[in-house]
file query-v9.cif (mmCIF, C-alpha atoms and all ligand atoms)
data_entry
loop_
_atom_site.label_atom_id
_atom_site.label_comp_id
_atom_site.auth_asym_id
_atom_site.auth_seq_id
_atom_site.Cartn_x
_atom_site.Cartn_y
_atom_site.Cartn_z
CA MET Q 1 132.00 -44.91 -82.96
CA SER Q 2 131.71 -47.02 -86.07
CA ASN Q 3 132.63 -50.69 -86.37
CA ILE Q 4 134.37 -51.64 -89.57
CA LEU Q 5 135.14 -55.14 -90.81
CA VAL Q 6 137.85 -55.34 -93.46
CA VAL Q 7 138.11 -58.56 -95.46
CA THR Q 8 140.91 -58.95 -98.01
CA SER Q 9 141.44 -62.01 -100.18
CA SER Q 10 144.36 -61.50 -102.53
CA ALA Q 11 146.94 -64.27 -102.75
CA LEU Q 12 149.56 -61.74 -103.86
CA GLY Q 13 150.55 -60.25 -100.50
CA GLY Q 14 152.35 -56.92 -100.84
CA ALA Q 15 151.86 -56.93 -104.63
CA SER Q 16 148.05 -56.96 -104.33
CA VAL Q 17 146.18 -54.10 -105.94
CA SER Q 18 142.88 -54.85 -104.18
CA THR Q 19 144.54 -54.87 -100.76
CA ARG Q 20 146.25 -51.54 -101.52
CA LEU Q 21 142.90 -50.02 -102.53
CA VAL Q 22 141.23 -51.45 -99.44
CA GLU Q 23 143.94 -49.72 -97.38
CA ASP Q 24 142.98 -46.43 -99.08
CA ALA Q 25 139.35 -47.05 -98.17
CA VAL Q 26 140.27 -47.81 -94.55
CA ALA Q 27 142.36 -44.62 -94.38
CA ALA Q 28 139.34 -42.62 -95.64
CA LEU Q 29 137.11 -44.29 -93.04
CA ARG Q 30 139.61 -43.47 -90.30
CA ARG Q 31 139.58 -39.82 -91.36
CA GLN Q 32 135.79 -39.90 -91.14
CA ASP Q 33 135.82 -41.50 -87.70
CA PRO Q 34 139.24 -41.57 -86.00
CA ALA Q 35 137.74 -43.64 -83.16
CA ALA Q 36 136.45 -46.33 -85.53
CA ARG Q 37 136.99 -49.90 -84.37
CA ILE Q 38 138.52 -51.85 -87.23
CA VAL Q 39 138.68 -55.64 -87.41
CA THR Q 40 140.72 -57.14 -90.26
CA ARG Q 41 140.55 -60.58 -91.88
CA ASP Q 42 143.35 -61.18 -94.37
CA LEU Q 43 142.15 -64.36 -96.05
CA GLY Q 44 145.16 -64.47 -98.39
CA ALA Q 45 147.62 -64.65 -95.49
CA GLN Q 46 145.39 -66.62 -93.13
CA PRO Q 47 142.85 -68.55 -95.17
CA VAL Q 48 139.68 -69.96 -93.73
CA PRO Q 49 139.72 -73.72 -94.49
CA HIS Q 50 137.66 -75.01 -97.38
CA LEU Q 51 134.62 -77.03 -96.42
CA ASP Q 52 135.03 -80.74 -95.73
CA LEU Q 53 132.76 -83.39 -94.24
CA ASP Q 54 133.13 -82.16 -90.65
CA SER Q 55 132.92 -78.43 -91.31
CA ALA Q 56 130.03 -78.67 -93.77
CA THR Q 57 128.14 -80.87 -91.29
CA ALA Q 58 128.87 -78.47 -88.43
CA ILE Q 59 127.84 -75.37 -90.36
CA ARG Q 60 124.51 -76.95 -91.27
CA GLY Q 61 123.68 -76.86 -87.56
CA GLY Q 62 123.12 -79.29 -84.73
CA GLU Q 63 125.40 -80.42 -81.95
CA PRO Q 64 129.02 -81.02 -83.03
CA GLN Q 65 129.83 -84.74 -83.02
CA ASN Q 66 133.62 -84.49 -82.80
CA PRO Q 67 136.41 -81.93 -82.13
CA ALA Q 68 136.74 -81.03 -85.84
CA GLN Q 69 133.04 -80.17 -86.02
CA ALA Q 70 133.27 -78.15 -82.80
CA ALA Q 71 136.25 -76.19 -84.18
CA ALA Q 72 134.48 -75.51 -87.49
CA GLN Q 73 131.35 -74.29 -85.72
CA ALA Q 74 133.44 -72.06 -83.44
CA LEU Q 75 135.21 -70.52 -86.44
CA SER Q 76 131.90 -69.93 -88.21
CA ASP Q 77 130.49 -68.35 -85.02
CA GLU Q 78 133.53 -66.07 -84.77
CA LEU Q 79 133.34 -64.94 -88.41
CA ILE Q 80 129.60 -64.29 -88.14
CA ALA Q 81 130.09 -62.34 -84.89
CA GLU Q 82 132.56 -60.09 -86.74
CA LEU Q 83 129.96 -59.46 -89.44
CA GLU Q 84 127.16 -58.85 -86.94
CA ALA Q 85 129.27 -56.33 -85.03
CA ALA Q 86 130.19 -54.34 -88.14
CA ASP Q 87 128.18 -51.43 -89.49
CA THR Q 88 130.49 -51.04 -92.48
CA ILE Q 89 132.19 -53.90 -94.30
CA VAL Q 90 134.98 -53.36 -96.82
CA ILE Q 91 135.84 -56.35 -99.00
CA GLY Q 92 138.84 -56.66 -101.30
CA ALA Q 93 137.93 -59.07 -104.09
CA PRO Q 94 140.41 -59.89 -106.85
CA MET Q 95 139.09 -61.67 -109.93
CA TYR Q 96 140.76 -65.05 -110.23
CA ASN Q 97 139.64 -67.19 -113.16
CA PHE Q 98 136.52 -65.09 -113.70
CA GLY Q 99 135.24 -65.41 -110.15
CA ILE Q 100 136.21 -64.56 -106.58
CA ALA Q 101 139.28 -65.99 -104.85
CA SER Q 102 138.62 -69.43 -103.38
CA THR Q 103 139.66 -68.04 -99.98
CA LEU Q 104 136.85 -65.49 -100.14
CA LYS Q 105 134.43 -68.22 -101.21
CA ALA Q 106 135.53 -70.31 -98.20
CA TRP Q 107 134.80 -67.30 -95.93
CA PHE Q 108 131.31 -66.98 -97.42
CA ASP Q 109 130.85 -70.73 -96.92
CA HIS Q 110 131.39 -70.13 -93.20
CA VAL Q 111 129.12 -67.08 -92.84
CA LEU Q 112 126.09 -68.08 -94.91
CA ARG Q 113 124.41 -70.19 -92.24
CA ALA Q 114 120.76 -71.19 -92.20
CA GLY Q 115 119.01 -70.02 -89.06
CA VAL Q 116 121.85 -67.64 -88.22
CA THR Q 117 122.52 -65.25 -91.14
CA PHE Q 118 119.51 -66.25 -93.27
CA ARG Q 119 116.42 -68.30 -92.76
CA TYR Q 120 113.90 -69.97 -94.98
CA THR Q 121 110.30 -68.89 -94.66
CA GLU Q 122 107.08 -69.85 -96.44
CA ARG Q 123 107.86 -67.04 -98.85
CA GLY Q 124 111.46 -68.10 -99.45
CA PRO Q 125 114.80 -67.13 -97.93
CA VAL Q 126 115.24 -63.99 -95.80
CA GLY Q 127 118.62 -62.43 -95.01
CA LEU Q 128 119.20 -61.62 -91.34
CA LEU Q 129 122.09 -59.14 -91.57
CA ALA Q 130 120.26 -56.13 -92.97
CA GLY Q 131 121.18 -52.50 -92.34
CA LYS Q 132 124.90 -52.69 -93.06
CA ARG Q 133 126.90 -50.78 -95.61
CA VAL Q 134 129.20 -52.86 -97.81
CA VAL Q 135 131.92 -51.58 -100.13
CA VAL Q 136 133.52 -54.14 -102.42
CA ILE Q 137 136.74 -53.30 -104.22
CA GLU Q 138 137.17 -55.52 -107.26
CA THR Q 139 140.36 -55.89 -109.28
CA ARG Q 140 140.54 -57.48 -112.71
CA GLY Q 141 143.18 -57.90 -115.38
CA GLY Q 142 140.56 -57.49 -118.11
CA LEU Q 143 137.46 -55.44 -118.81
CA TYR Q 144 134.09 -56.86 -117.76
CA SER Q 145 131.92 -53.87 -116.83
CA GLU Q 146 131.22 -53.44 -120.56
CA GLY Q 147 132.18 -55.02 -123.86
CA PRO Q 148 132.45 -58.59 -125.11
CA ALA Q 149 133.80 -60.11 -121.86
CA ALA Q 150 130.90 -58.80 -119.73
CA PRO Q 151 129.06 -62.17 -119.74
CA MET Q 152 132.21 -63.83 -118.36
CA ASP Q 153 132.00 -61.84 -115.11
CA SER Q 154 131.26 -64.46 -112.44
CA GLN Q 155 132.71 -62.20 -109.74
CA GLU Q 156 130.36 -59.24 -109.23
CA PRO Q 157 127.03 -61.07 -109.77
CA HIS Q 158 128.18 -63.81 -107.40
CA LEU Q 159 129.19 -61.30 -104.73
CA ARG Q 160 125.89 -59.44 -105.10
CA THR Q 161 124.00 -62.71 -104.65
CA LEU Q 162 126.03 -63.90 -101.65
CA LEU Q 163 125.75 -60.57 -99.83
CA GLY Q 164 122.10 -60.07 -100.75
CA PHE Q 165 121.23 -63.55 -99.50
CA ILE Q 166 122.23 -62.59 -95.96
CA GLY Q 167 120.43 -59.25 -96.18
CA MET Q 168 123.25 -56.98 -97.33
CA THR Q 169 121.75 -54.98 -100.14
CA ASP Q 170 123.49 -51.63 -99.60
CA VAL Q 171 126.55 -52.61 -101.62
CA THR Q 172 128.87 -50.26 -103.53
CA PHE Q 173 131.17 -51.93 -106.06
CA ILE Q 174 134.38 -50.12 -106.95
CA ARG Q 175 136.29 -51.71 -109.82
CA ALA Q 176 139.88 -51.43 -110.97
CA GLU Q 177 139.76 -53.11 -114.38
CA LYS Q 178 142.15 -53.45 -117.33
CA LEU Q 179 145.05 -53.90 -114.92
CA ALA Q 180 146.72 -56.18 -117.49
CA PHE Q 181 146.23 -53.80 -120.45
CA GLY Q 182 149.64 -52.13 -120.06
CA PRO Q 183 151.20 -49.72 -117.56
CA GLU Q 184 149.19 -46.69 -118.65
CA ALA Q 185 145.83 -48.47 -118.46
CA ARG Q 186 146.83 -49.97 -115.12
CA GLU Q 187 147.75 -46.60 -113.64
CA GLN Q 188 144.54 -45.04 -114.94
CA ALA Q 189 142.47 -47.87 -113.49
CA ILE Q 190 144.06 -47.54 -110.05
CA ASP Q 191 143.69 -43.75 -110.09
CA ALA Q 192 140.02 -44.04 -111.13
CA ALA Q 193 139.35 -46.57 -108.36
CA ARG Q 194 141.05 -44.27 -105.83
CA ALA Q 195 138.82 -41.40 -106.95
CA ARG Q 196 135.74 -43.62 -106.54
CA ILE Q 197 136.91 -44.59 -103.05
CA GLY Q 198 137.26 -40.90 -102.22
CA GLU Q 199 133.69 -40.29 -103.42
CA ALA Q 200 132.31 -43.31 -101.57
CA PHE Q 201 133.89 -42.21 -98.29
CA ALA Q 202 133.61 -38.45 -98.72
CA TYR Q 203 134.18 -36.81 -95.37
CA ARG Q 204 133.96 -33.27 -94.10
CA GLU Q 205 137.28 -31.59 -93.38
CA ALA Q 206 137.40 -30.05 -89.93
CA ALA Q 207 136.54 -26.36 -90.18
C1 LIG B 301 145.45 -66.84 -110.39
C2 LIG B 301 144.99 -65.60 -111.09
C3 LIG B 301 143.88 -65.68 -111.92
C4 LIG B 301 143.44 -64.54 -112.58
N1 LIG B 301 142.32 -64.62 -113.36
C5 LIG B 301 141.86 -63.51 -113.99
C6 LIG B 301 140.67 -63.55 -114.77
O1 LIG B 301 140.01 -64.56 -114.92
N2 LIG B 301 140.27 -62.41 -115.37
C7 LIG B 301 140.94 -61.24 -115.24
O2 LIG B 301 140.52 -60.23 -115.78
N3 LIG B 301 142.06 -61.16 -114.46
C8 LIG B 301 142.52 -62.27 -113.86
N4 LIG B 301 143.65 -62.20 -113.08
C9 LIG B 301 144.29 -60.90 -112.90
C10 LIG B 301 143.89 -60.31 -111.57
O3 LIG B 301 142.51 -60.02 -111.50
C11 LIG B 301 144.71 -59.05 -111.31
O4 LIG B 301 146.08 -59.43 -111.24
C12 LIG B 301 144.32 -58.35 -110.03
O5 LIG B 301 145.28 -57.35 -109.74
C13 LIG B 301 144.26 -59.33 -108.87
O6 LIG B 301 143.96 -58.62 -107.67
P1 LIG B 301 145.07 -58.54 -106.55
O7 LIG B 301 146.23 -57.77 -107.15
O8 LIG B 301 144.45 -57.82 -105.43
O9 LIG B 301 145.46 -59.95 -106.18
C14 LIG B 301 144.12 -63.31 -112.44
C15 LIG B 301 145.24 -63.26 -111.58
C16 LIG B 301 145.67 -64.38 -110.93
C17 LIG B 301 146.86 -64.29 -110.00
#
call {"tool": "encode", "arguments": {"input": "query-v9.cif", "output": "C-alpha cells", "more": "lines below"}}
Ligand SMILES: Cc1cc2nc3c(=O)[nH]c(=O)nc-3n(C[C@H](O)[C@H](O)[C@H](O)COP(=O)(O)O)c2cc1C
result
Amino acid sequence: MSNILVVTSSALGGASVSTRLVEDAVAALRRQDPAARIVTRDLGAQPVPHLDLDSATAIRGGEPQNPAQAAAQALSDELIAELEAADTIVIGAPMYNFGIASTLKAWFDHVLRAGVTFRYTERGPVGLLAGKRVVVIETRGGLYSEGPAAPMDSQEPHLRTLLGFIGMTDVTFIRAEKLAFGPEAREQAIDAARARIGEAFAYREAA
C-alpha cells in the first residue's frame, strides 16, 4: 500500500486549475493502487501560519518557551510526519507574482528544519528525506518554460531548491502555462497537462 501526501495551495478554491489537475493525478494514483492511503493538505483553505517570532524560534529547535512556541513546534512536527510517512508527494503550485503562493512558502517554512529534515555537515547541507517521488503541478497565466519571460520564473527553480534541500531530488514538474492567453490556449494547456499526468502515473489496466 502506498502513502500519498497531497498538498494544494491555490487561493481560488473551486476555480483553481492546479487543484483540479492535482485531483486528476490523485485519481490516477488511486487507479494504480486502490488501497493507497492519501493525506491531503489544502493550504488555500486552511493555511499554515506565516512565521513570526515564536514560530521561527520554535522551528529553529530547542525547548519551547511559551504556548505559542509549543503550538508552532507541534504543527511543524505534524507536517514533517506527513512528509516522512509519504512515498509519493503531489504538490499543486500556482504561480502568483512569479513565485509560489505564500501559503506554500509558509508550509515549506515549517518543514525545512535543521536537524530534522536536513542537517549541516562539514561538507555542507544534507537532505534527510531522500527516496520519495514528488510530482509538482504548476499553473501559470503566462509562458515561462521558454521565451523572453523564462528568467522571470521564480517558481520552479525555487521549488526545485526547496525540495532538493531536504533530499527530494526525484521531482517531476508538470506545467499548465499560457492559461491567460485566451480560451483556446487555456484549454490546450490543461489538456496537455492532463496528458502529462497520465504519462507520469501510467498504470496497467487489469487484464
Ligand atoms: C494573485 C495572482 C497572481 C498571479 N501572478 C501571476 C504571475 O506572476 N505570472 C503568471 O504567469 N500568472 C500569474 N497569475 C495567474 C495564475 O498563475 C493562474 O491564474 C493560475 O491558474 C493560478 O493557479 P490556480 O488556478 O491553481 O490558482 C496570478 C494569479 C493570481 C490570482
call {"tool": "closest_residue", "arguments": {"input": "query-v9.cif", "among": "Q:Asn3, Q:Thr139, Q:Thr8, Q:Ser154", "to": "ligand LIG 301 (chain B)", "atoms": "only C-alpha atoms and all ligand atoms"}}
result
Q:Thr139
call {"tool": "residues_near_ligand", "arguments": {"input": "query-v9.cif", "ligand": "ligand LIG 301 (chain B)", "cutoff": "6 Å", "atoms": "all atoms listed in the file", "output": "PyMOL selection string"}}
result
chain Q and resi 10-12+16-19+94-98+139-142
call {"tool": "closest_residue", "arguments": {"input": "query-v9.cif", "among": "Q:Ala114, Q:Ala93, Q:Ala202, Q:Gln188", "to": "Gly61 (chain Q)", "atoms": "only C-alpha atoms"}}
result
Q:Ala114
call {"tool": "closest_residue", "arguments": {"input": "query-v9.cif", "among": "Q:Leu51, Q:Ala176, Q:Met1, Q:Ala130", "to": "Asp33 (chain Q)", "atoms": "only C-alpha atoms"}}
result
Q:Met1
call {"tool": "residues_around", "arguments": {"input": "query-v9.cif", "residues": "Val26 (chain Q)", "least_positions_apart": "3", "cutoff": "12 Å", "atoms": "only C-alpha atoms", "output": "ChimeraX atom specification"}}
result
/Q:3-8,19-23,29-34,36-40,88-92,135,137,194,197-198,200-201
call {"tool": "closest_residue", "arguments": {"input": "query-v9.cif", "among": "Q:Ile100, Q:Ile166, Q:Leu143, Q:Leu79", "to": "Thr117 (chain Q)", "atoms": "all atoms listed in the file"}}
result
Q:Ile166
call {"tool": "atom_distance", "arguments": {"input": "query-v9.cif", "atom1": "CA of Leu83 (chain Q)", "atom2": "CA of Phe108 (chain Q)"}}
result
11.0 Å
call {"tool": "atom_distance", "arguments": {"input": "query-v9.cif", "atom1": "CA of Val171 (chain Q)", "atom2": "CA of Leu159 (chain Q)"}}
result
9.6 Å
call {"tool": "residues_around", "arguments": {"input": "query-v9.cif", "residues": "Ser55 (chain Q)", "least_positions_apart": "3", "cutoff": "10 Å", "atoms": "only C-alpha atoms", "output": "list in words"}}
result
Pro49, His50, Leu51, Asp52, Ala58, Ile59, Arg60, Pro64, Ala68, Gln69, Ala70, Ala71, Ala72, Gln73, Leu75, Ser76, Asp109 and His110 of chain Q
call {"tool": "atom_distance", "arguments": {"input": "query-v9.cif", "atom1": "CA of Gly62 (chain Q)", "atom2": "CA of Glu122 (chain Q)"}}
result
22.0 Å
call {"tool": "closest_residue", "arguments": {"input": "query-v9.cif", "among": "Q:Val136, Q:Ala101, Q:Ala35, Q:Ala193", "to": "Arg160 (chain Q)", "atoms": "all atoms listed in the file"}}
result
Q:Val136
call {"tool": "closest_residue", "arguments": {"input": "query-v9.cif", "among": "Q:Phe173, Q:Trp107, Q:Phe118, Q:Tyr144", "to": "Arg41 (chain Q)", "atoms": "all atoms listed in the file"}}
result
Q:Trp107
